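Asker: Pasting a structure below so you can have a look.
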Amino acid sequence: MNRRDFCRNMAVGCLASVIATSDIAVAKRKKRPKNVLLIIVDDLRPNLGCFGDPIAITPNIDRLAASGTRFSRAYCQYPVCNPSRISFLTGMRPDTTGAYRNGDVFHDLFADTLTINRYVQQFGYEAAGFGKIYHASNGGENAWTQPYLDSEWLDYANTENRARKAKWHNMTLRQAGLPYAEHEDVADNVYCDGATADIAADRLENFAGGDKPFLMIVGFRHPHLPWNAPKRYWDLYNDKDIEPAANDFFPKGAPQPALKPRGGELFGYAGLSTTLEAMTDREKRDAIRSYYACVSYADAQVGRLLDTLRTNGLDDNTLVMLWGDHGYHLGENHVWAKDVNWERNHHSPLIIRDPQRGKSGQHSDALTEFVDIFPTVCDALDLPTPSQCEGKSLAPLLDDPDTAWDKMAFSQLLRGTIMGRSLRTDRYRFTLWQDESGASKGVELYDYHRDPEGNLNLAADPEYAELTEKMTRLHRKHWPKPRPREMNR
Amino acid sequence: MKKQLLVIAIALIASLGLEARGKMNILVLTVDDMNCDSVGVFGCTTPDTTPNMDRFAVDGLRFMNAHVHATSCIPSRNAVQTGRYLFNSGIEGFYQLPKDQVTYKTTPDILRENGYFTMIRGKSSHSSPYTPYPGWDINFDDELKEKRINIRDTKTFYEYTKKGINAAKAAGKPFYFSMDIHDPHTALYSFSAKKGEISTTLNREDIDNPPSRIFRPGEIAMPKFLPDTPLARKEVTAYYNSVRRADDSFGNVIKALKDTGVYDDTLIVFFSDHGMPFPFAKTAMYYHSTHTPLMVRWPGVTKGGVSDKDHLIGTVDILPTLLEITGIEEPDGLDGRSFASILKGGRQDNRDFVYVMYEENVGGNRQPTRAVLSKDYSYICNLWSDGVRRFATATRGMATTMEMERLASEGDKFMQQRSELFSFNVPEQFFDLNKDSDALNNLIDNPEYKKLIAKYQRQMVKTMKASNDPMLDIFQKRNDKKAVADYLAKLDAASYDRKTKAEYSRSGKAKIAKKSKPANDPSKDAKKEMKKDAKMDIKTEGSRTLAEQLEHAKMRAKNLGKTFDPEQSTRWFNAKDTNKDGLLDEQEQKAKAPVGWNDK
């Protein structure tokens with residue numbers, strides 16, 4: 001007996017008169033505006049089955065890709081959480097928002113800025129957010145029409161780790177003894193993303209019965225560190241399948257500002273060597289396996305949301321988008337985690353399922369950016385795109401993934417006071433490092449046809465002088481100019 | 001729509017079931033001294049402070065414009081339990097009423113008569129006109145005290161909620177449970193104003209009872225009405241840690257309700273008794289002083305996750321609401337009005353204003369204040385502000401207050417203004433809450449707002465008339481200095497009189513011995529009392545005359561049972577009155593070596 005039948009049976013007798021209303025309502029709902037479900041997975045790089053990863057077990061995201069459009073070359077605008085999130089949630093590039101650091105907190109600096117969740121409210125949408133969406137902020141005033149619920153970052157389940165966490169505040173994570181990963185044999189919702197999925201699924205069921213369209217943003221915290229996931233996800237992977245990166249060295253000839261300083265996120269935690277150089281093969285394998293376990297854990301939570309959509313009859317009228325906030329390094333180019341200006345750190349999966357657009361399971365290798373997300377949502381909902389948006393709607397690619405798409409992807413990273421602005425063309429990545437006065441502090445050029453991992457900076461190679469010159473001109477001509485920030489709501 | 005049908009059907013069945021089983025349980029859950037905007041779903045700018053309250057908001061209805069009627073504990077809580085404004089219940093301060101003066105019934109009395117099992121945990125001595133109060137079937141505070149249990153221990157909230165539920169089950173009655181979570185009241189989580197430190201080793205009780213998340217000073221957003229110095233920031237961080245611990249306790253209460261299976265048979269009303277324990281919040285009359293995170297869950301009736309922005313609610317409205325929901329007849333003389341129909345999704349007219357007040361501090365120093373608030377503006381009348389009277393309040397002891405006064409004494413113009421305002425205030429204030437909810441810009445003399453201010457003053461008169469406020473006459477004559485001075489003198493004398501009588505004291509002892517008739521100048525007399533009462537009113541050395549400081553230090557030494565030695569007492573006497581005029585002027589203040597405070 002499906003839900004509707006159940007409903008009718010309940011109604012027969014005591015609520016007979018309401019049945020007629022119910023039929024009208026069902027007919028009316030077909031004309032309803034489209035709902036939106038946006039899923040942001042923290043620190044997710046394309047280690048997914050549908051992106052061709054040989055060992056990743058991600059049936060749910062694969063299922064989403066099989067029923068939607070997969071974008072195999074989507075790039076973030078900034079390889080760090082907060083600036084990237086502010087950029088795609090406002091549709092503006094980092095040079096326009098001016099948020100380059102994790103400390104540039106949303107609610108302090110962008111209180112009056114139009115964001116995607118504020119924007120749709122003007123058109124009668126319910127806006128709900130769960131989990132990590134804005135970095136260290138609840139999105140400011142009037143961000144949501146439903147209570148926003150955050151999730152716990154250091155979501156250890158082990159009692160000893162929880163006790164350590166209680167004492168963590170005036171020392172580093174490593175000093176407190178908090179490990180970089182934990183795999184307790186517990187239910188999904190003991191760790192944070194399972195709990196987030198619980199709430200979000202519950203809210204989706206509620207929305208299904210409501211009379212307003214909704215936009216829901218769900219932010220899963222894993223595979224961000226600490227790589228906590230229930231043991232069964234860790235057990236999904238075989239130690240012998242894991243292979244540490246072969247290119248555990250900085251790209252040859254990379255300029256100083258491009259290199260990640262020593263230390264970094266992973267080594268802030270306990271449970272492994274203090275430096276990258278001291279990391280053993282065993283540690284590398286465990287770390288990579290932990291990351292995969294988290295990807296599968298997050299995948300299962302995505303599955304819960306997709307199931308809830310289906311069982312509540314929402315999936316034929318809901319736009320679903322999934323992406324990571326930026327890419328990630330697992331030892332490649334001598335980098336763990338993020339905060340570098342290279343391909344791996346900018347490249348993240350993007351999957352869009354618009355039930356009214358395109359064929360199921362199609363794939364586009366056009367160069368796309370995360371600033372395109374806001375305009376794409378507007379297009380899908382038949383809403384005007386706000387003028388602040390600097391991206392371009394991906395609707396044409398959803399209709400036909402082979403549409404000619406003459407675009408470049410722009411990403412950037414601030415290292416101290418030196419800004420590296422990086423553009424990606426079909427074949428090359430060209431990065432210009434400049435200090436505040438505009439003086440050059442280094443140039444990078446990578447050719448991904450010849451060197452798919454980006455191990456060799458060609459900018460200093462005399463053979464490539466002409467190409468470097470051409471790319472410099474291209475950079476000067478096409479790098480998007482910062483706009484005056486719009487402060488409308 | 002299908003879903004809505006289902007909800008209707010379930011609600012119908014559920015209500016039938018409840019009818020059969022009897023009346024719904026009631027839990028009135030409060031936190032102590034918490035700002036409304038410290039709760040995530042009420043717009044907290046520091047993330048992750050209250051995950052459990054936020055989770056509850058998904059199930060309940062939030063009132064975005066709810067206010068408490070008084071900004072200190074006893075008056076605020078009694079306004080709820082008696083359903084009356086302070087002047088109508090007679091409980092205006094930290095004294096208690098003699099039994100024969102209590103001519104009305106309070107919430108536990110009424111509900112008990114109607115078959116409820118009444119219980120209280122936390123602040124029992126602060127929640128009724130006198131103590132011990134006979135309206136409670138169980139007062140868990142007695143047990144907690146006897147067993148020497150840490151009342152802030154988050155785990156005990158789970159245990160005692162269960163205990164209460166089981167006791168009511170055993171009695172075969174629905175329960176009315178008034179529960180207070182003592183956090184984030186001072187002492188703030190492991191913070192010592194003296195040492196200026198946050199450390200888990202400072203407070204023994206805190207070691208075994210940490211919040212589930214401890215914030216770092218860099219993570220929190222400082223309220224705009226407080227000085228942002230490293231020490232003040234540490235104190236506010238400690239406050240947020242205490243908020244988080246209050247939230248842990250909150251979560252445990254809800255968990256106990258769910259585990260015992262009564263969550264869906266229990267009406268839950270949640271709020272904070274008033275704003276954060278910092279200057280310009282607690283005991284003050286600003287937006288953040290009275291704004292409270294009122295949430296209600298009426299199972300099967302309130303829609304989950306909804307917020308109400310249209311109606312202004314005061315906490316005197318809670319009692320009439322409970323009575324309407326339970327179908328009990330309302331007694332005469334209540335100042336509030338039921339908002340049950342709003343909980344059902346309806347609208348109510350004439351909910352545009354709320355009336356709030358403050359009368360006196362713990363030491364019984366009368367400082368009558370009134371305010372009328374709407375969604376957009378607030379009008380405040382500080383009747384006591386005559387330029388001489390100094391504001392006596394518990395928030396004076398906060399490190400944040402001392403930081404404000406330190407900056408002021410170091411020549412910070414803005415802090416001098418703030419400090420002056422804090423101590424002496426101005427007779428009338430008007431604020432635009434949409435632009436300036438932190439009350440930094442008083443618009444009372446702004447000609448653009450003249451008409452609007454007059455409207456709010458008329459509204460205040462209207463409310464005073466409707467509620468029989470004894471301040472009505474003097475409010476209308478507020479520009480007559482002589483009349484105001486006489487009025488205040490009368491209040492002072494009455495307060496002095498109360499302090500000399502044991503029957504008005506919650507501790508059972510008179511606060512002061514009656515030596516003679518009140519002095520000719522009662523305000524001067526009250527000042528003397530203030531000085532004596534060092535624990536309740538710690539002034540900073542910067543704001544005292546040297547003679548006052550000497551007096552204070554002597555008294556402290558006496559209180560501590562030590563002999564007074566000015567040479568050794570460096571804490572108070574690093575400053576030298578070089579020109580021997582009995583005052584520490586600016587230069588002499590600067591020459592003072594830093595004592596006790598540092599900004600590291």
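Identifiers in this document derive from the order of the structure tokens: chains are assigned A, B, ..., residues are numbered from 1 separately in each chain, and ligands are numbered from 1 in order of occurrence.
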Please check the contacts: residues of chain A at most 6 Å away from chain B, using only C-alpha atoms, listed as JSON, numbers by chain.

Answerer: {"A": [7, 136, 137, 146, 147, 169, 209]}

Asker: Which parts of segment 171-394 of chain B does DSSP call strand (DSSP E or B) when run on the backbone here, written out as a PDB file with N, CA, C and O atoms, in the first residue's frame?

Answerer:
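As a result, out_8.pdb now contains:
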ATOM      1  N   PHE B 175       1.456  15.863  34.637  1.00  0.00           N
ATOM      2  CA  PHE B 175       2.343  16.708  35.440  1.00  0.00           C
ATOM      3  C   PHE B 175       2.446  18.134  34.910  1.00  0.00           C
ATOM      4  O   PHE B 175       2.257  18.401  33.728  1.00  0.00           O
ATOM      5  N   TYR B 176       2.724  19.032  35.850  1.00  0.00           N
ATOM      6  CA  TYR B 176       3.197  20.366  35.513  1.00  0.00           C
ATOM      7  C   TYR B 176       4.588  20.470  36.105  1.00  0.00           C
ATOM      8  O   TYR B 176       4.769  20.392  37.315  1.00  0.00           O
ATOM      9  N   PHE B 177       5.587  20.572  35.251  1.00  0.00           N
ATOM     10  CA  PHE B 177       6.976  20.554  35.696  1.00  0.00           C
ATOM     11  C   PHE B 177       7.601  21.905  35.335  1.00  0.00           C
ATOM     12  O   PHE B 177       7.657  22.273  34.171  1.00  0.00           O
ATOM     13  N   SER B 178       8.027  22.642  36.353  1.00  0.00           N
ATOM     14  CA  SER B 178       8.729  23.892  36.094  1.00  0.00           C
ATOM     15  C   SER B 178      10.210  23.604  36.291  1.00  0.00           C
ATOM     16  O   SER B 178      10.633  23.283  37.385  1.00  0.00           O
ATOM     17  N   MET B 179      10.956  23.697  35.215  1.00  0.00           N
ATOM     18  CA  MET B 179      12.366  23.325  35.321  1.00  0.00           C
ATOM     19  C   MET B 179      13.255  24.464  34.854  1.00  0.00           C
ATOM     20  O   MET B 179      12.997  25.078  33.823  1.00  0.00           O
ATOM     21  N   ASP B 180      14.288  24.724  35.641  1.00  0.00           N
ATOM     22  CA  ASP B 180      15.233  25.760  35.240  1.00  0.00           C
ATOM     23  C   ASP B 180      16.618  25.163  35.060  1.00  0.00           C
ATOM     24  O   ASP B 180      17.089  24.389  35.891  1.00  0.00           O
ATOM     25  N   ILE B 181      17.243  25.532  33.971  1.00  0.00           N
ATOM     26  CA  ILE B 181      18.645  25.164  33.742  1.00  0.00           C
ATOM     27  C   ILE B 181      19.475  26.365  34.197  1.00  0.00           C
ATOM     28  O   ILE B 181      19.299  27.465  33.691  1.00  0.00           O
ATOM     29  N   PHE B 191      35.585  30.399  34.405  1.00  0.00           N
ATOM     30  CA  PHE B 191      36.169  31.704  34.149  1.00  0.00           C
ATOM     31  C   PHE B 191      36.364  32.427  35.474  1.00  0.00           C
ATOM     32  O   PHE B 191      35.500  32.412  36.335  1.00  0.00           O
ATOM     33  N   SER B 192      37.497  33.022  35.615  1.00  0.00           N
ATOM     34  CA  SER B 192      37.736  33.821  36.791  1.00  0.00           C
ATOM     35  C   SER B 192      38.030  35.244  36.352  1.00  0.00           C
ATOM     36  O   SER B 192      38.997  35.496  35.642  1.00  0.00           O
ATOM     37  N   GLU B 197      41.073  34.524  33.182  1.00  0.00           N
ATOM     38  CA  GLU B 197      41.479  33.319  32.457  1.00  0.00           C
ATOM     39  C   GLU B 197      40.324  32.356  32.250  1.00  0.00           C
ATOM     40  O   GLU B 197      39.418  32.295  33.068  1.00  0.00           O
ATOM     41  N   ILE B 198      40.442  31.600  31.186  1.00  0.00           N
ATOM     42  CA  ILE B 198      39.565  30.455  31.037  1.00  0.00           C
ATOM     43  C   ILE B 198      40.450  29.236  31.209  1.00  0.00           C
ATOM     44  O   ILE B 198      41.461  29.098  30.545  1.00  0.00           O
ATOM     45  N   THR B 266       3.326  15.922  25.873  1.00  0.00           N
ATOM     46  CA  THR B 266       3.757  17.003  26.752  1.00  0.00           C
ATOM     47  C   THR B 266       3.846  18.330  26.003  1.00  0.00           C
ATOM     48  O   THR B 266       4.506  18.422  24.967  1.00  0.00           O
ATOM     49  N   LEU B 267       3.166  19.306  26.562  1.00  0.00           N
ATOM     50  CA  LEU B 267       3.276  20.666  26.030  1.00  0.00           C
ATOM     51  C   LEU B 267       4.556  21.271  26.600  1.00  0.00           C
ATOM     52  O   LEU B 267       4.740  21.279  27.817  1.00  0.00           O
ATOM     53  N   ILE B 268       5.421  21.736  25.731  1.00  0.00           N
ATOM     54  CA  ILE B 268       6.689  22.301  26.209  1.00  0.00           C
ATOM     55  C   ILE B 268       6.730  23.800  25.904  1.00  0.00           C
ATOM     56  O   ILE B 268       6.485  24.220  24.774  1.00  0.00           O
ATOM     57  N   VAL B 269       7.010  24.577  26.942  1.00  0.00           N
ATOM     58  CA  VAL B 269       7.194  26.019  26.772  1.00  0.00           C
ATOM     59  C   VAL B 269       8.624  26.324  27.204  1.00  0.00           C
ATOM     60  O   VAL B 269       9.034  25.955  28.312  1.00  0.00           O
ATOM     61  N   PHE B 270       9.390  26.963  26.336  1.00  0.00           N
ATOM     62  CA  PHE B 270      10.785  27.252  26.653  1.00  0.00           C
ATOM     63  C   PHE B 270      11.062  28.750  26.501  1.00  0.00           C
ATOM     64  O   PHE B 270      10.610  29.381  25.559  1.00  0.00           O
ATOM     65  N   PHE B 271      11.796  29.307  27.450  1.00  0.00           N
ATOM     66  CA  PHE B 271      12.272  30.693  27.311  1.00  0.00           C
ATOM     67  C   PHE B 271      13.447  30.935  28.253  1.00  0.00           C
ATOM     68  O   PHE B 271      13.830  30.057  29.017  1.00  0.00           O
ATOM     69  N   SER B 272      14.027  32.121  28.182  1.00  0.00           N
ATOM     70  CA  SER B 272      15.110  32.507  29.081  1.00  0.00           C
ATOM     71  C   SER B 272      14.579  33.601  29.995  1.00  0.00           C
ATOM     72  O   SER B 272      13.810  34.456  29.550  1.00  0.00           O
ATOM     73  N   HIS B 291      14.328  40.570  25.412  1.00  0.00           N
ATOM     74  CA  HIS B 291      14.025  39.681  24.286  1.00  0.00           C
ATOM     75  C   HIS B 291      14.331  38.243  24.673  1.00  0.00           C
ATOM     76  O   HIS B 291      15.413  37.945  25.152  1.00  0.00           O
ATOM     77  N   MET B 295       9.851  29.366  22.719  1.00  0.00           N
ATOM     78  CA  MET B 295       9.479  28.297  21.783  1.00  0.00           C
ATOM     79  C   MET B 295       8.408  27.450  22.458  1.00  0.00           C
ATOM     80  O   MET B 295       8.484  27.181  23.657  1.00  0.00           O
ATOM     81  N   VAL B 296       7.424  27.049  21.681  1.00  0.00           N
ATOM     82  CA  VAL B 296       6.353  26.229  22.223  1.00  0.00           C
ATOM     83  C   VAL B 296       6.122  25.032  21.323  1.00  0.00           C
ATOM     84  O   VAL B 296       6.094  25.163  20.100  1.00  0.00           O
ATOM     85  N   ARG B 297       6.013  23.874  21.935  1.00  0.00           N
ATOM     86  CA  ARG B 297       5.603  22.707  21.163  1.00  0.00           C
ATOM     87  C   ARG B 297       4.344  22.147  21.791  1.00  0.00           C
ATOM     88  O   ARG B 297       4.341  21.680  22.924  1.00  0.00           O
ATOM     89  N   VAL B 306       8.171  26.318  12.400  1.00  0.00           N
ATOM     90  CA  VAL B 306       7.567  27.584  12.004  1.00  0.00           C
ATOM     91  C   VAL B 306       8.032  28.696  12.937  1.00  0.00           C
ATOM     92  O   VAL B 306       8.279  28.469  14.108  1.00  0.00           O
ATOM     93  N   SER B 307       8.161  29.900  12.411  1.00  0.00           N
ATOM     94  CA  SER B 307       8.469  31.026  13.281  1.00  0.00           C
ATOM     95  C   SER B 307       7.376  32.073  13.146  1.00  0.00           C
ATOM     96  O   SER B 307       6.834  32.276  12.064  1.00  0.00           O
ATOM     97  N   ASP B 308       7.036  32.696  14.265  1.00  0.00           N
ATOM     98  CA  ASP B 308       6.017  33.732  14.257  1.00  0.00           C
ATOM     99  C   ASP B 308       6.693  35.086  14.412  1.00  0.00           C
ATOM    100  O   ASP B 308       7.339  35.347  15.424  1.00  0.00           O
ATOM    101  N   ILE B 313       4.658  38.910  22.115  1.00  0.00           N
ATOM    102  CA  ILE B 313       4.217  38.069  23.220  1.00  0.00           C
ATOM    103  C   ILE B 313       4.987  38.482  24.468  1.00  0.00           C
ATOM    104  O   ILE B 313       6.184  38.747  24.409  1.00  0.00           O
ATOM    105  N   GLY B 314       4.292  38.548  25.606  1.00  0.00           N
ATOM    106  CA  GLY B 314       4.964  38.761  26.882  1.00  0.00           C
ATOM    107  C   GLY B 314       4.822  37.490  27.704  1.00  0.00           C
ATOM    108  O   GLY B 314       3.887  36.715  27.489  1.00  0.00           O
ATOM    109  N   VAL B 354       4.563  45.388  23.838  1.00  0.00           N
ATOM    110  CA  VAL B 354       4.760  44.626  25.059  1.00  0.00           C
ATOM    111  C   VAL B 354       5.315  45.594  26.108  1.00  0.00           C
ATOM    112  O   VAL B 354       6.039  46.538  25.789  1.00  0.00           O
ATOM    113  N   TYR B 355       4.911  45.362  27.358  1.00  0.00           N
ATOM    114  CA  TYR B 355       5.224  46.284  28.448  1.00  0.00           C
ATOM    115  C   TYR B 355       6.208  45.611  29.398  1.00  0.00           C
ATOM    116  O   TYR B 355       5.913  44.535  29.926  1.00  0.00           O
ATOM    117  N   VAL B 356       7.377  46.208  29.605  1.00  0.00           N
ATOM    118  CA  VAL B 356       8.402  45.581  30.439  1.00  0.00           C
ATOM    119  C   VAL B 356       8.906  46.561  31.494  1.00  0.00           C
ATOM    120  O   VAL B 356       8.730  47.776  31.348  1.00  0.00           O
ATOM    121  N   MET B 357       9.511  46.030  32.551  1.00  0.00           N
ATOM    122  CA  MET B 357       9.862  46.915  33.674  1.00  0.00           C
ATOM    123  C   MET B 357      11.019  46.367  34.510  1.00  0.00           C
ATOM    124  O   MET B 357      11.362  45.185  34.420  1.00  0.00           O
ATOM    125  N   TYR B 358      11.565  47.246  35.329  1.00  0.00           N
ATOM    126  CA  TYR B 358      12.617  46.855  36.262  1.00  0.00           C
ATOM    127  C   TYR B 358      12.433  47.716  37.500  1.00  0.00           C
ATOM    128  O   TYR B 358      12.117  48.904  37.389  1.00  0.00           O
ATOM    129  N   GLU B 359      12.611  47.117  38.685  1.00  0.00           N
ATOM    130  CA  GLU B 359      12.373  47.897  39.900  1.00  0.00           C
ATOM    131  C   GLU B 359      13.593  48.012  40.808  1.00  0.00           C
ATOM    132  O   GLU B 359      14.002  49.100  41.168  1.00  0.00           O
ATOM    133  N   GLU B 360      14.168  46.876  41.198  1.00  0.00           N
ATOM    134  CA  GLU B 360      15.286  46.968  42.144  1.00  0.00           C
ATOM    135  C   GLU B 360      16.234  45.789  42.017  1.00  0.00           C
ATOM    136  O   GLU B 360      15.894  44.755  41.456  1.00  0.00           O
ATOM    137  N   ARG B 366      16.211  50.831  44.868  1.00  0.00           N
ATOM    138  CA  ARG B 366      15.097  51.066  43.952  1.00  0.00           C
ATOM    139  C   ARG B 366      15.550  51.871  42.739  1.00  0.00           C
ATOM    140  O   ARG B 366      16.136  52.942  42.896  1.00  0.00           O
ATOM    141  N   GLN B 367      15.300  51.340  41.564  1.00  0.00           N
ATOM    142  CA  GLN B 367      15.623  52.079  40.346  1.00  0.00           C
ATOM    143  C   GLN B 367      14.528  51.832  39.309  1.00  0.00           C
ATOM    144  O   GLN B 367      14.736  51.137  38.312  1.00  0.00           O
ATOM    145  N   PRO B 368      13.325  52.369  39.548  1.00  0.00           N
ATOM    146  CA  PRO B 368      12.173  52.027  38.713  1.00  0.00           C
ATOM    147  C   PRO B 368      12.347  52.461  37.260  1.00  0.00           C
ATOM    148  O   PRO B 368      12.752  53.594  36.989  1.00  0.00           O
ATOM    149  N   THR B 369      12.062  51.524  36.370  1.00  0.00           N
ATOM    150  CA  THR B 369      12.219  51.733  34.928  1.00  0.00           C
ATOM    151  C   THR B 369      11.033  51.076  34.222  1.00  0.00           C
ATOM    152  O   THR B 369      10.538  50.058  34.689  1.00  0.00           O
ATOM    153  N   ARG B 370      10.596  51.675  33.133  1.00  0.00           N
ATOM    154  CA  ARG B 370       9.522  51.080  32.336  1.00  0.00           C
ATOM    155  C   ARG B 370       9.898  51.178  30.864  1.00  0.00           C
ATOM    156  O   ARG B 370      10.605  52.111  30.467  1.00  0.00           O
ATOM    157  N   ALA B 371       9.407  50.239  30.069  1.00  0.00           N
ATOM    158  CA  ALA B 371       9.618  50.360  28.626  1.00  0.00           C
ATOM    159  C   ALA B 371       8.447  49.766  27.864  1.00  0.00           C
ATOM    160  O   ALA B 371       7.806  48.825  28.325  1.00  0.00           O
ATOM    161  N   VAL B 372       8.185  50.365  26.710  1.00  0.00           N
ATOM    162  CA  VAL B 372       7.199  49.818  25.782  1.00  0.00           C
ATOM    163  C   VAL B 372       7.941  49.476  24.497  1.00  0.00           C
ATOM    164  O   VAL B 372       8.685  50.295  23.970  1.00  0.00           O
ATOM    165  N   LEU B 373       7.753  48.229  24.038  1.00  0.00           N
ATOM    166  CA  LEU B 373       8.437  47.821  22.813  1.00  0.00           C
ATOM    167  C   LEU B 373       7.427  47.377  21.764  1.00  0.00           C
ATOM    168  O   LEU B 373       6.397  46.784  22.095  1.00  0.00           O
ATOM    169  N   TYR B 377      10.356  49.611  17.456  1.00  0.00           N
ATOM    170  CA  TYR B 377      10.937  50.639  18.315  1.00  0.00           C
ATOM    171  C   TYR B 377      10.801  50.273  19.780  1.00  0.00           C
ATOM    172  O   TYR B 377       9.959  49.462  20.151  1.00  0.00           O
ATOM    173  N   SER B 378      11.628  50.908  20.606  1.00  0.00           N
ATOM    174  CA  SER B 378      11.418  50.767  22.037  1.00  0.00           C
ATOM    175  C   SER B 378      11.542  52.133  22.695  1.00  0.00           C
ATOM    176  O   SER B 378      12.413  52.933  22.346  1.00  0.00           O
ATOM    177  N   TYR B 379      10.623  52.397  23.613  1.00  0.00           N
ATOM    178  CA  TYR B 379      10.651  53.637  24.380  1.00  0.00           C
ATOM    179  C   TYR B 379      10.895  53.269  25.840  1.00  0.00           C
ATOM    180  O   TYR B 379      10.213  52.397  26.392  1.00  0.00           O
ATOM    181  N   ILE B 380      11.911  53.877  26.451  1.00  0.00           N
ATOM    182  CA  ILE B 380      12.299  53.537  27.816  1.00  0.00           C
ATOM    183  C   ILE B 380      12.186  54.769  28.699  1.00  0.00           C
ATOM    184  O   ILE B 380      12.642  55.850  28.323  1.00  0.00           O
ATOM    185  N   CYS B 381      11.584  54.606  29.873  1.00  0.00           N
ATOM    186  CA  CYS B 381      11.561  55.685  30.852  1.00  0.00           C
ATOM    187  C   CYS B 381      12.358  55.241  32.075  1.00  0.00           C
ATOM    188  O   CYS B 381      11.934  54.350  32.808  1.00  0.00           O
ATOM    189  N   ASN B 382      13.546  55.835  32.263  1.00  0.00           N
ATOM    190  CA  ASN B 382      14.356  55.558  33.447  1.00  0.00           C
ATOM    191  C   ASN B 382      14.005  56.596  34.501  1.00  0.00           C
ATOM    192  O   ASN B 382      14.697  57.595  34.660  1.00  0.00           O
TER     193      ASN B 382
END

Asker: Residues near segment 124-138 of chain B, anyone? I mean within 6 Å using only C-alpha atoms, not counting same-chain ones fewer than 6 positions away, as a ChimeraX atom specification.

Answerer: /B:74,77-78,96-97,108-109,118

Asker: Could you tell me how far atom CA of Gly358 of chain A lies from atom CA of Asp399 of chain A, in Å and to one decimal?

Answerer: 4.4 Å

Asker: Which polymer residues have any atom within 8 Å of an atom of segment 423-440 of chain B, counting only C-alpha atoms, with same-chain residues fewer than 4 positions away left out, as a PyMOL selection string?

Answerer: chain B and resi 223-225+286-288+375-392+419+444+453

Asker: I need the residues in segment 342-460 of chain B that are helix (DSSP H, G or I) according to DSSP; give them as a PyMOL selection string.

Answerer: chain B and resi 342-343+394-397+399-409+413-424+447-460

Asker: Rounded to one decimal, what separation in Å do you get between atom CA of Lys303 of chain B and atom CA of Asn206 of chain A?

Answerer: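 Taking atom CA of Lys303 of chain B and atom CA of Asn206 of chain A, their separation equals 10.1 Å.
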
Asker: Given only C-alpha atoms as the basis, pick out the residue of A:Leu305, A:Leu322, A:Ala380, A:Ala460 nearest to Pro33 of chain A.

Answerer: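 For Pro33 of chain A, the nearest of the candidates is A:Ala380.
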
Asker: What does the distance from atom CA of Lys34 of chain A to atom CA of Asn317 of chain A come to in Å, to one decimal?

Answerer: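 Going from atom CA of Lys34 of chain A over to atom CA of Asn317 of chain A, I get 5.3 Å.
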
Asker: Skipping near chain neighbours, those fewer than 3 positions away, what residues fall within 12 Å of Asp153 of chain B using only C-alpha atoms, listed as a list in words?

Answerer: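 The residues that qualify are Gly122, Leu144, Arg148, Ile149, Asn150, Thr156, Phe157, Tyr158, Glu159, Tyr160, Ile181, His182, Asp183, Tyr189, Glu205, Asp206, Ile207, Asp208, Asn209, Pro210, Pro211, Ser242, Arg245, Ala246, Asp247, Asp248, Ser249, Phe250 and Asn252 of chain B.
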